[in-house]
2 protein chains.
Amino acid sequence: MAGVGIATVSRVINGKPVTPDLAERVTRAAEQLGYRQDLTASSLRRADRRTHTLGLVLEDAANPFSAALHRAVEDAAAERGMLLLAGSTDEDPVRERGLLKTFTARRVDGLIVVPTGQNDTDLDAARRAGTPVVCVDRRTTAPQVDTVTVDNRAGVRAAVKRLYEAGHRRIAFLGDLRSIWTAEERYAGFVEGLASVGCVLHPSLVRRDLHGADAAQEATRALLALAHAPTALVSGQNLLTIGARMALQERQLQRRVALVGFDDLPLADLLEPGISVIAQDHSAIGREAADLLFDRLDGEGGPARHRVLPTRYLARGSGELPAPGR
Amino acid sequence: MAGVGIATVSRVINGKPVTPDLAERVTRAAEQLGYRQDLTASSLRRADRRTHTLGLVLEDAANPFSAALHRAVEDAAAERGMLLLAGSTDEDPVRERGLLKTFTARRVDGLIVVPTGQNDTDLDAARRAGTPVVCVDRRTTAPQVDTVTVDNRAGVRAAVKRLYEAGHRRIAFLGDLRSIWTAEERYAGFVEGLASVGCVLHPSLVRRDLHGADAAQEATRALLALAHAPTALVSGQNLLTIGARMALQERQLQRRVALVGFDDLPLADLLEPGISVIAQDHSAIGREAADLLFDRLDGEGGPARHRVLPTRYLARGSGELPAPGR
DNA sequence: TTGAAAGCGTTACCAC
DNA sequence: GTGGTAACGCTTTCAA
């Protein structure tokens with residue numbers, strides 16, 4: 001319709017140098033025909049075969065942590081003109097494998113994954129097939145895969161120490177599924193923290209493999225019903241913290257039993273007392289993951305890099321409650 | 001490598017009837033070569049040209065409402081083997097236009113959009129170009145675009161009535177950007193609610209065009225400093241509710257000034273008093289939007305359909321505080 | 001600077 | 001049932 005070769009159209013669309021007159025004619029024709037470039041066909045033929053798409057594998061898109069991560073990665077991706085394909089695993093390795101499979105089948109340029117931890121071979125397979133992979137929030141055994149995590153152990157260790165110094169001797173721990181790397185790390189930090197101050201670890205005060213607020217609420221109820229109930233609670237995850245607080249509040253114990261949670265919650269500072277947390281910088285985590293991935297896309301070929309970001313303790317009251325009789 | 005024609009390979013990959021012996025050879029070769037189907041090339045050649053991808057345009061992926069919507073749509077999409085491409089507009093029509101453009105350029109099969117409201121022509125353009133569009137949370141003037149919204153007016157009206165019946169006569173309203181459809185609707189509900197009980201609308205108690213918690217906090221401070229301060233607050237959005245509550249709490253007024261917020265918040269029931277809200281069912285909204293879209297993908301060609309879902313009032317205390325002197 | 005033609009990985013069609 | 005071949009919409013190469 002513009003009376004030019006198809007190659008010239010391609011040049012105009014891609015902003016390559018073309019005689020103004022021809023360019024004008026092409027633009028006009030495109031407008032008139034309602035022409036829209038087909039990016040999928042484009043990337044199929046392009047030399048670099050880039051789709052300008054990133055795959056993001058989350059635990060659950062509805063979870064505040066995942067949501068914040070999603071946004072941070074999205075912003076970093078947007079700066080490079082890339083888009084995000086996202087999906088949730090619900091900690092199910094089967095779903096994770098499925099997502100990994102369709103993402104790579106769609107030829108995403110790279111993957112940012114919160115791994116379930118039971119699928120490391122698939123992560124490795126994706127990388128070997130040419131799709132760089134960055135793991136976020138959790139380490140992985142897959143070789144040559146970059147990771148971004150926070151210093152879970154140090155965060156929990158410090159919190160335990162604070163509780164001990166406030167007089168607590170019976171400190172309980174609520175942990176997520178043991179298959180989750182962070183759950184293990186945070187528990188390890190709990191154990192290390194107790195050891196470092198010479199405090200006894202009461203096995204009856206450790207409740208792990210809890211998933212979701214309801215499980216934590218029930219576990220906390222059981223803890224509070226013990227003959228020697230804990231005077232302080234350390235919760236290893238977002239939703240567990242909510243469940244623990246619910247159990248405390250239904251017994252009006254939120255001002256008597258200390259609580260420290262891992263990962264911040266919206267509104268946590270408006271509760272009375274506010275929930276003290278070991279906070280992580282979601283934006284920084286997402287940004288760092290994206291940067292590591294972009295490095296790989298830019299040709300960086302070295303060994304796996306592991307970034308460990310610090311946590312920050314936010315004292316809001318619940319973690320500063322003294323042990324009774326002190 | 002399998003010693004068969006390329007067409008047979010295609011048949012095996014797509015699970016079409018093939019002599020078992022040949023299929024076996026193809027499968028083996030594919031395994032050995034690490035072959036992975038290229039879905040982008042596949043959809044380019046396929047008769048229906050489907051990419052099995054949906055575009056999701058959100059206000060902000062980090063926002064709890066968006067996150068819940070994302071997950072609900074994802075689940076519905078997964079049932080049909082579809083994946084989600086998601087992006088945030090931050091209420092910026094320029095970003096919305098950009099997202100719409102790249103999504104359609106990538107040939108998504110359909111779009112689910114929380115429209116900024118300043119870009120309806122682009123929504124219409126996408127639809128005319130053959131990409132069905134469903135708007136969520138907000139109505140749009142774009143023709144032939146299905147919508148899923150909640151009955152914002154009825155929700156706010158009922159809440160205002162309750163406050164009036166609890167003795168409140170000076171009821172304030174905090175509203176989001178007026179460009180946002182829901183902000184207008186909720187304000188309209190506020191006005192209607194006051195009118196229905198014959199209560200005076202004090203213009204000084206109306207603060208609109210507030211965006212984000214900080215703006216709401218500041219506005220609430222100003223309201224509380226008035227000579228005739230409000231005895232009750234109605235907040236028209238998530239983050240505004242948080243800001244309002246922060247302002248109340250910094251003056252220790254959370255038990256004296258009533259507060260009702262639109263849209264639920266995690267932890268809202270653990271505050272003291274709990275925040276009463278006009279809740280919407282995020283999952284139902286997302287599911288409904290996806291279903292409308294799938295209908296269109298299945299060939300439904302009728303006029304625009306507008307689903308309106310009900311809201312639910314959750315009494316938690318803050319909205320049940322009586323007016324002083326009552 | 002331009003256009004013709006090849007080809008990206010796949011599926012659809014049509015003979016065998 | 002199978003294989004050769006054309007074609008999807010595009011970019012790249014190469015000769016003009």
# chains A, B, ... in the order shown; residues from 1 in each chain; ligands from 1

call {"tool": "interface_residues", "arguments": {"of": "chain A", "to": "chain D", "cutoff": "6 Å", "atoms": "only C-alpha atoms (C1' of nucleotides)", "output": "MDAnalysis selection string"}}
result
chainID A and resid 41:42 45:46

call {"tool": "residues_around", "arguments": {"residues": "B:Asn119", "least_positions_apart": "6", "cutoff": "8 Å", "atoms": "only C-alpha atoms (C1' of nucleotides)", "output": "ChimeraX atom specification"}}
result
/B:93,96-97

call {"tool": "closest_residue", "arguments": {"among": "A:Ile242, A:Val108, A:Val234, A:Val9", "to": "A:Leu271", "atoms": "only C-alpha atoms"}}
result
A:Ile242

call {"tool": "interface_residues", "arguments": {"of": "chain B", "to": "chain A", "cutoff": "6 Å", "atoms": "only C-alpha atoms", "output": "mmCIF file with C-alpha atoms, in the first residue's frame"}}
result
data_model
loop_
_atom_site.group_PDB
_atom_site.id
_atom_site.type_symbol
_atom_site.label_atom_id
_atom_site.label_comp_id
_atom_site.auth_asym_id
_atom_site.auth_seq_id
_atom_site.Cartn_x
_atom_site.Cartn_y
_atom_site.Cartn_z
ATOM 1 C CA GLN B 37 8.765 -26.916 21.789
ATOM 2 C CA ASP B 38 8.762 -23.231 20.901
ATOM 3 C CA LEU B 39 5.297 -22.017 21.778
ATOM 4 C CA THR B 40 5.822 -18.627 20.153
ATOM 5 C CA ALA B 61 0.987 -5.069 41.612
ATOM 6 C CA ALA B 62 2.165 -4.455 45.187
ATOM 7 C CA ALA B 67 -2.398 -8.924 44.303
ATOM 8 C CA ALA B 68 -5.618 -10.710 45.205
ATOM 9 C CA ARG B 71 -4.111 -14.489 41.942
ATOM 10 C CA LEU B 84 -0.585 -14.049 32.736
ATOM 11 C CA LEU B 85 1.418 -11.084 31.564
ATOM 12 C CA ALA B 105 1.903 -6.404 20.248
ATOM 13 C CA ARG B 106 2.656 -9.672 21.995
ATOM 14 C CA LEU B 271 -6.605 -3.744 65.817
#

call {"tool": "interface_residues", "arguments": {"of": "chain C", "to": "chain A", "cutoff": "10 Å", "atoms": "only C-alpha atoms (C1' of nucleotides)", "output": "compact mmCIF listing (two decimals) with C-alpha atoms (C1' of nucleotides), in the first residue's frame"}}
result
# COMPACT_ATOMS: atom_id res chain seq x y z
C1' DT C 1 19.22 3.46 0.38
C1' DT C 2 16.31 -0.12 -1.29
C1' DG C 3 14.00 -4.61 -2.45
C1' DA C 4 14.00 -9.67 -3.29
C1' DG C 7 14.64 -18.49 6.86
C1' DC C 8 13.28 -18.40 12.29
C1' DG C 9 10.29 -23.11 14.41

call {"tool": "residues_around", "arguments": {"residues": "B:Gly243", "least_positions_apart": "4", "cutoff": "8 Å", "atoms": "only C-alpha atoms (C1' of nucleotides)", "output": "list in words"}}
result
Gly212, Ala213, Asp214, Ala215, Ala216, Gln217, Glu218, Thr220, Leu239 and Ala247 of chain B

call {"tool": "write_last_selection", "arguments": {"atoms": "N, CA and C atoms", "output": "PDB file, in the first residue's frame"}}
result
ATOM      1  N   GLY B 212      -2.901   7.710  48.438  1.00  0.00           N
ATOM      2  CA  GLY B 212      -1.911   7.109  49.323  1.00  0.00           C
ATOM      3  C   GLY B 212      -2.160   7.429  50.783  1.00  0.00           C
ATOM      4  N   ALA B 213      -1.553   6.619  51.646  1.00  0.00           N
ATOM      5  CA  ALA B 213      -1.795   6.708  53.082  1.00  0.00           C
ATOM      6  C   ALA B 213      -1.356   8.057  53.656  1.00  0.00           C
ATOM      7  N   ASP B 214      -0.236   8.573  53.191  1.00  0.00           N
ATOM      8  CA  ASP B 214       0.278   9.823  53.743  1.00  0.00           C
ATOM      9  C   ASP B 214      -0.703  10.971  53.545  1.00  0.00           C
ATOM     10  N   ALA B 215      -1.230  11.067  52.339  1.00  0.00           N
ATOM     11  CA  ALA B 215      -2.188  12.137  52.044  1.00  0.00           C
ATOM     12  C   ALA B 215      -3.406  12.017  52.951  1.00  0.00           C
ATOM     13  N   ALA B 216      -3.867  10.790  53.165  1.00  0.00           N
ATOM     14  CA  ALA B 216      -5.043  10.578  54.006  1.00  0.00           C
ATOM     15  C   ALA B 216      -4.739  10.932  55.455  1.00  0.00           C
ATOM     16  N   GLN B 217      -3.536  10.597  55.889  1.00  0.00           N
ATOM     17  CA  GLN B 217      -3.171  10.893  57.269  1.00  0.00           C
ATOM     18  C   GLN B 217      -3.185  12.402  57.517  1.00  0.00           C
ATOM     19  N   GLU B 218      -2.588  13.112  56.572  1.00  0.00           N
ATOM     20  CA  GLU B 218      -2.535  14.565  56.701  1.00  0.00           C
ATOM     21  C   GLU B 218      -3.943  15.167  56.682  1.00  0.00           C
ATOM     22  N   THR B 220      -6.699  13.755  57.490  1.00  0.00           N
ATOM     23  CA  THR B 220      -7.418  13.403  58.717  1.00  0.00           C
ATOM     24  C   THR B 220      -6.975  14.291  59.877  1.00  0.00           C
ATOM     25  N   LEU B 239      -5.683   2.285  51.256  1.00  0.00           N
ATOM     26  CA  LEU B 239      -4.564   3.003  51.853  1.00  0.00           C
ATOM     27  C   LEU B 239      -5.028   4.238  52.602  1.00  0.00           C
ATOM     28  N   ALA B 247      -3.683   8.624  61.756  1.00  0.00           N
ATOM     29  CA  ALA B 247      -3.927   9.953  62.315  1.00  0.00           C
ATOM     30  C   ALA B 247      -4.757   9.865  63.592  1.00  0.00           C
TER      31      ALA B 247
END

call {"tool": "atom_distance", "arguments": {"atom1": "atom CA of B:Ser276", "atom2": "atom CA of B:Ala227"}}
result
26.1 Å

call {"tool": "select_by_dssp", "arguments": {"residues": "stretch 64-195 of chain A", "states": "alpha helix (DSSP H)", "output": "NGL selection string"}}
result
:A and (64-79 or 93-105 or 120-128 or 152-165 or 181-195)

call {"tool": "atom_distance", "arguments": {"atom1": "atom CA of B:Arg139", "atom2": "atom CA of B:Gly189"}}
result
15.6 Å

call {"tool": "residues_around", "arguments": {"residues": "A:Ser235", "least_positions_apart": "5", "cutoff": "8 Å", "atoms": "only C-alpha atoms (C1' of nucleotides)", "output": "VMD selection string"}}
result
chain A and resid 173 to 175 240 to 241 244 259 to 262

call {"tool": "residues_around", "arguments": {"residues": "stretch 310-323 of chain A", "least_positions_apart": "4", "cutoff": "7 Å", "atoms": "only C-alpha atoms (C1' of nucleotides)", "output": "CSV table (one decimal) with N, CA and C atoms, in the first residue's frame"}}
result
chain,number,residue,atom,x,y,z
A,150,VAL,N,18.2,-13.0,52.2
A,150,VAL,CA,18.6,-12.2,53.3
A,150,VAL,C,19.3,-13.0,54.4
A,151,ASP,N,19.9,-12.3,55.3
A,151,ASP,CA,20.6,-13.1,56.3
A,151,ASP,C,19.6,-13.5,57.4
A,155,GLY,N,19.2,-12.4,61.5
A,155,GLY,CA,18.1,-11.7,61.9
A,155,GLY,C,17.4,-12.4,63.1
A,166,ALA,N,15.6,-9.5,77.7
A,166,ALA,CA,14.5,-8.9,78.3
A,166,ALA,C,13.9,-9.9,79.4
A,167,GLY,N,14.7,-11.0,79.6
A,167,GLY,CA,14.4,-11.9,80.7
A,167,GLY,C,13.7,-13.2,80.3
A,168,HIS,N,13.4,-13.3,79.0
A,168,HIS,CA,12.7,-14.5,78.5
A,168,HIS,C,13.6,-15.7,78.6
A,231,THR,N,7.0,-17.6,77.3
A,231,THR,CA,6.8,-16.2,77.6
A,231,THR,C,7.0,-15.4,76.4
A,256,ARG,N,1.2,-9.7,77.3
A,256,ARG,CA,1.9,-10.5,78.3
A,256,ARG,C,2.9,-11.4,77.7
A,258,ALA,N,5.5,-12.1,74.7
A,258,ALA,CA,6.2,-11.4,73.6
A,258,ALA,C,6.1,-12.1,72.3
A,259,LEU,N,6.1,-11.3,71.2
A,259,LEU,CA,6.0,-11.9,69.9
A,259,LEU,C,6.9,-11.1,68.9
A,260,VAL,N,7.8,-11.8,68.2
A,260,VAL,CA,8.6,-11.2,67.1
A,260,VAL,C,8.3,-12.1,65.9
A,269,ASP,N,2.2,-1.9,62.7
A,269,ASP,CA,2.5,-0.8,63.7
A,269,ASP,C,1.3,-0.2,64.3
A,273,PRO,N,-0.1,-4.0,71.5
A,273,PRO,CA,1.1,-3.4,71.1
A,273,PRO,C,1.4,-3.7,69.6
A,274,GLY,N,2.2,-2.8,69.0
A,274,GLY,CA,2.6,-3.1,67.6
A,274,GLY,C,3.4,-4.4,67.5
A,275,ILE,N,3.4,-5.0,66.4
A,275,ILE,CA,4.2,-6.3,66.3
A,275,ILE,C,5.6,-6.0,65.8
A,276,SER,N,6.5,-6.4,66.7
A,276,SER,CA,8.0,-6.2,66.3
A,276,SER,C,8.3,-7.2,65.3
A,277,VAL,N,9.1,-6.8,64.3
A,277,VAL,CA,9.4,-7.7,63.2
A,277,VAL,C,10.9,-7.6,62.8
A,278,ILE,N,11.3,-8.7,62.2
A,278,ILE,CA,12.6,-8.8,61.5
A,278,ILE,C,12.2,-8.5,60.1
A,279,ALA,N,12.5,-7.3,59.6
A,279,ALA,CA,12.0,-6.9,58.3
A,279,ALA,C,13.0,-7.1,57.2
A,280,GLN,N,12.5,-7.4,56.0
A,280,GLN,CA,13.4,-7.5,54.9
A,280,GLN,C,13.0,-6.4,53.8

call {"tool": "closest_residue", "arguments": {"among": "A:Ala183, A:Val160, A:Ala29, A:Ala77", "to": "A:Leu201", "atoms": "only C-alpha atoms"}}
result
A:Val160

call {"tool": "select_by_dssp", "arguments": {"residues": "stretch 11-81 of chain B", "states": "strand (DSSP E)", "output": "list in words"}}
result
Thr53, Leu54, Gly55, Leu56, Val57 and Leu58 of chain B

call {"tool": "atom_distance", "arguments": {"atom1": "atom CA of A:Asn152", "atom2": "atom CA of A:Thr182"}}
result
7.0 Å
